[in-house]
Each structure stands twice: as C-alpha cells, then as structure tokens.
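Student: Take a look at this one; I'll ask things after.
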Amino acid sequence: MLLVSDVHGAFDSLARVAASGETLLVLGDLLNFVDYRTMEGMLTEVAGKEFVTRLAGLRTRGDQSGARDLWARFSEGREAEVRERYDRLTRDAYRRAAAALAGSGAYVTYGNVDRPDVLQEMLSTDVTFVEAGAFEIEGVSVGIVGGGVPSLGVSGEVGHDAMAARLGALGPVEMLCTHVAPAVSPLSSDVIGGRPKQSVPVLEYLREHRPRWHYFGDIHQPQATTWRVGETVCRNVGYFRATGRPVRHG
C-alpha cells in the first residue's frame with residue numbers, strides 16, 4: 001500500500017506511482033495554489049509573481065488578516081474575472097490529476113487547497129473519492145477523512161466540529177489517514193512556512209481509539225516526520241511535489 005500527500009501539481013510523478021499496480025492512497029492537496037519555494041502555481045498565473053511574493057510573506061509571518069486584505073484589494077471590481085480564471089485553472093489541473101490516476105483504483109481525499117466538489121466530478125469511476133469513510137484495504141481497516149484546518153475560509157477547509165463528527169462516525173480503525181496533522185507540535189509546525197496547522201479532533205481520535213498507524217500530510221517541512229501518540233505511530237507521508245516519492249505502509 002502506497003501513500004502520497006501534497007501532490008501540488010506533480011502529476012507526472014503521480015502517474016508514475018499510480019502505474020505501479022500497488023494500492024494507492026492520495027491524502028489531499030492535488031492543486032498547486034502556490035509553491036513557496038519558487039512562487040510558481042495557480043495564484044501566480046492569476047496575479048503575477050510580485051503579488052504572490054508579497055502575499056506569501058504575509059502568510060509566512062502568520063498575518064492571515066493582512067493576506068486576506070491584500071487579496072481583497074487585488075480582486076476588487078474584477079471578482080468574476082478572477083473567479084473564472086481560477087476555475088479554469090482548477091479544472092485543467094484536475095483533468096491532469098484524473099488522467100494520472102485513471103485505472104489505478106486509488107483512494108483520493110482532499111486537502112485545504114482543493115475544491116472537493118470539482119475534484120470528485122473530474123475523477124474517473126475506478127477511483128474512489130473519499131470525504132470521510134472506513135474501508136478494508138489489503139486486510140487493514142482504514143479510516144480516511146479529508147479536509148484542511150480552518151484558515152482562509154476556502155472550500156477545502158473543515159471546521160473543528162465537523163472534523164470531530166467525521167472522525168467520530170468512523171469508529172475504531174487500525175489505520176487513520178487524514179490530510180491534516182494531529183495537534184502535536186513537532187508534527188504540525190512547518191520550519192519553513194512558520195505556521196502551525198494542527199487538528200485537535202484528530203489528536204483526540206488517536207487518544208480515544210488508538211489506531212496502530214496514522215498517516216497524514218499538509219506540513220511540507222515538519223520538525224519531525226514520525227511521532228508516537230500512545231500506541232499510534234504517526235507519520236507525515238511527505239511533500240510529494242518536492243520528493244516525487246510515496247511512502248509504503250508496512
């Protein structure tokens with residue numbers, strides 16, 4: 001069983017992994033909104049590199065209010081034009097993602113930068129889109145829950161109460177797969193991005209149900225990639241856009 005997260009537009013690498021014939025779980029963030037290393041991405045195509053560099057600086061410093069204000073000023077008076085451009089880029093990217101995964105039988109959930117409705121629409125019928133659900137995969141009970149932590153109010157984010165409800169509906173599983181990291185500082189703090197992104201409901205689930213494994217993504221450069229919460233081994237499966245490498249379970 002192979003796991004990847006934070007594909008962020010690396011669809012050629014995703015196609016290579018999907019063609020391996022092994023069971024594949026994709027834990028969200030297929031769109032490349034912006035790559036903070038290079039400032040490449042969909043936002044740059046819409047707004048230009050200079051603007052994105054300013055926006056990224058605000059977000060890296062944790063000034064989410066300033067980032068929202070900057071975006072509001074940029075898009076004021078041309079909201080429809082910006083939305084149409086972004087929608088077109090989103091669909092183009094998901095077409096490439098769907099082509100990369102076609103025939104693989106993969107399980108796919110979404111992250112904070114994703115548009116879950118569009119992603120689900122674009123995937124081929126042999127690929128299982130998962131908002132939240134439990135499955136038996138290769139003899140292992142696997143719970144998969146998508147969505148990112150609340151930050152900018154975009155469609156890929158899931159509120160804490162909704163996340164808790166989704167996790168609670170799973171019941172006990174041997175392996176939990178989420179996009180978000182649990183509320184454990186070394187796992188949820190990005191040493192480059194500087195912004196902790198963590199889920200208290202995920203941590204509470206681990207403590208209550210004690211799955212053997214928890215796989216997740218979202219944090220591109222974490223302080224630690226592996227940590228133990230009680231009986232659960234937690235592992236960040238990596239920034240796939242940068243590495244092109246999946247993690248093999250087991």
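Ligands are numbered from 1 in the order shown, residues from 1 within each chain, and chains are lettered A, B, ... in the order they appear in the structure tokens.
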Mind checking which residues fall within 8 Å of stretch 229-243 of chain A, counting only C-alpha atoms, ignoring those fewer than 5 positions away in the same chain, and posting them as a CSV table (one decimal) with C-alpha atoms, in the first residue's frame?
Tutor:
chain,number,residue,atom,x,y,z
A,3,LEU,CA,0.5,6.8,0.3
A,4,VAL,CA,1.2,10.3,-1.0
A,5,SER,CA,0.1,13.8,0.0
A,6,ASP,CA,0.6,17.3,-1.1
A,7,VAL,CA,0.9,16.5,-4.8
A,8,HIS,CA,0.5,20.2,-5.7
A,9,GLY,CA,0.6,19.7,-9.5
A,10,ALA,CA,3.3,17.0,-9.7
A,181,ALA,CA,-1.6,16.7,11.2
A,187,LEU,CA,4.4,17.1,13.6
A,206,LEU,CA,-5.9,9.0,18.3
A,207,ARG,CA,-6.1,9.1,22.1
A,210,ARG,CA,-5.7,4.2,19.5
A,211,PRO,CA,-5.2,3.1,15.8
A,212,ARG,CA,-1.9,1.4,15.1
A,213,TRP,CA,-1.0,3.9,12.4
A,214,HIS,CA,-1.9,7.5,11.4
A,215,TYR,CA,-0.7,8.8,8.1
A,216,PHE,CA,-1.2,12.5,7.1
A,217,GLY,CA,0.4,15.3,5.0
A,218,ASP,CA,-0.2,19.1,4.9
A,219,ILE,CA,3.1,20.1,6.7
A,220,HIS,CA,5.7,20.4,4.0
A,221,GLN,CA,8.8,20.8,6.2
Student: Please provide the set of residues having any atom within 6 Å of stretch 43-57 of chain A, restricted to only C-alpha atoms, with same-chain residues fewer than 3 positions apart removed, written as a list in words.
Tutor: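 Returned residues: Phe33, Glu40, Thr60 and Ala67 of chain A.
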Student: Can you tell me which residues surround A:Leu119 at a distance of at most 10 Å, considering only C-alpha atoms, apart from same-chain residues fewer than 2 positions away, and format the answer as a list in words?
Tutor: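 Contacts, in chain order: Leu30, Leu31, Thr90, Arg91, Ala93, Tyr94, Arg95, Ala97, Ala98, Val108, Thr109, Tyr110, Asp114, Arg115, Pro116, Asp117, Glu121, Met122, Leu123 and Phe129 of chain A.
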Student: Return as a list in words the full set of residues in stretch 21-202 of chain A whose backbone-based DSSP assignment is strand (DSSP E).
Tutor: Leu24, Leu25, Val26, Leu27, Tyr107, Val108, Thr109, Thr128, Phe129, Ala132, Gly133, Ala134, Phe135, Glu136, Ile137, Val140, Ser141, Val142, Gly143, Ile144, Val145, Met175, Leu176, Cys177, Thr178, Ala181, Pro182, Gln198 and Ser199 of chain A
Student: Would you save the residues of that selection, restricted to C-alpha atoms, as a PDB file, in the first residue's frame?
Tutor:
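out_6.pdb, freshly written:
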ATOM      1  CA  LEU A  24      -2.539   3.968  -3.709  1.00  0.00           C
ATOM      2  CA  LEU A  25      -3.971   6.422  -1.169  1.00  0.00           C
ATOM      3  CA  VAL A  26      -3.777  10.133  -2.024  1.00  0.00           C
ATOM      4  CA  LEU A  27      -4.207  12.305   1.059  1.00  0.00           C
ATOM      5  CA  TYR A 107      -8.480   6.202  -2.951  1.00  0.00           C
ATOM      6  CA  VAL A 108      -8.378  10.011  -3.033  1.00  0.00           C
ATOM      7  CA  THR A 109      -9.327  12.579  -0.426  1.00  0.00           C
ATOM      8  CA  THR A 128     -12.738   6.258  -5.038  1.00  0.00           C
ATOM      9  CA  PHE A 129     -13.220   9.826  -3.833  1.00  0.00           C
ATOM     10  CA  ALA A 132     -14.880  10.580   5.093  1.00  0.00           C
ATOM     11  CA  GLY A 133     -15.291   6.830   5.351  1.00  0.00           C
ATOM     12  CA  ALA A 134     -13.919   3.495   6.512  1.00  0.00           C
ATOM     13  CA  PHE A 135     -12.690   0.750   4.179  1.00  0.00           C
ATOM     14  CA  GLU A 136     -10.972  -2.604   4.364  1.00  0.00           C
ATOM     15  CA  ILE A 137      -7.852  -2.336   2.242  1.00  0.00           C
ATOM     16  CA  VAL A 140      -6.463  -3.476   7.135  1.00  0.00           C
ATOM     17  CA  SER A 141      -9.364  -1.361   8.391  1.00  0.00           C
ATOM     18  CA  VAL A 142      -8.606   2.136   7.103  1.00  0.00           C
ATOM     19  CA  GLY A 143     -10.380   5.362   8.002  1.00  0.00           C
ATOM     20  CA  ILE A 144      -9.938   8.266   5.591  1.00  0.00           C
ATOM     21  CA  VAL A 145     -11.038  11.822   6.406  1.00  0.00           C
ATOM     22  CA  MET A 175      -5.112   2.915  10.213  1.00  0.00           C
ATOM     23  CA  LEU A 176      -6.258   6.544  10.181  1.00  0.00           C
ATOM     24  CA  CYS A 177      -5.490   8.662   7.104  1.00  0.00           C
ATOM     25  CA  THR A 178      -6.096  12.411   7.108  1.00  0.00           C
ATOM     26  CA  ALA A 181      -1.644  16.703  11.213  1.00  0.00           C
ATOM     27  CA  PRO A 182      -2.635  15.985  14.810  1.00  0.00           C
ATOM     28  CA  GLN A 198      -2.915  21.154  13.581  1.00  0.00           C
ATOM     29  CA  SER A 199      -6.113  19.327  14.378  1.00  0.00           C
TER      30      SER A 199
END
Student: Run DSSP on the backbone and tell me which residues of stretch 169-237 of chain A come out as helix (DSSP H, G or I); list them as an NGL selection string.
Tutor: :A and (169-170 or 185-188 or 200-209)
Student: Ranking A:Leu152, A:Glu208, A:Asp12, A:Glu22 by minimum distance to A:Val247 and counting only C-alpha atoms, which one comes first?
Tutor: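 The answer is A:Glu22, which sits nearest to A:Val247.
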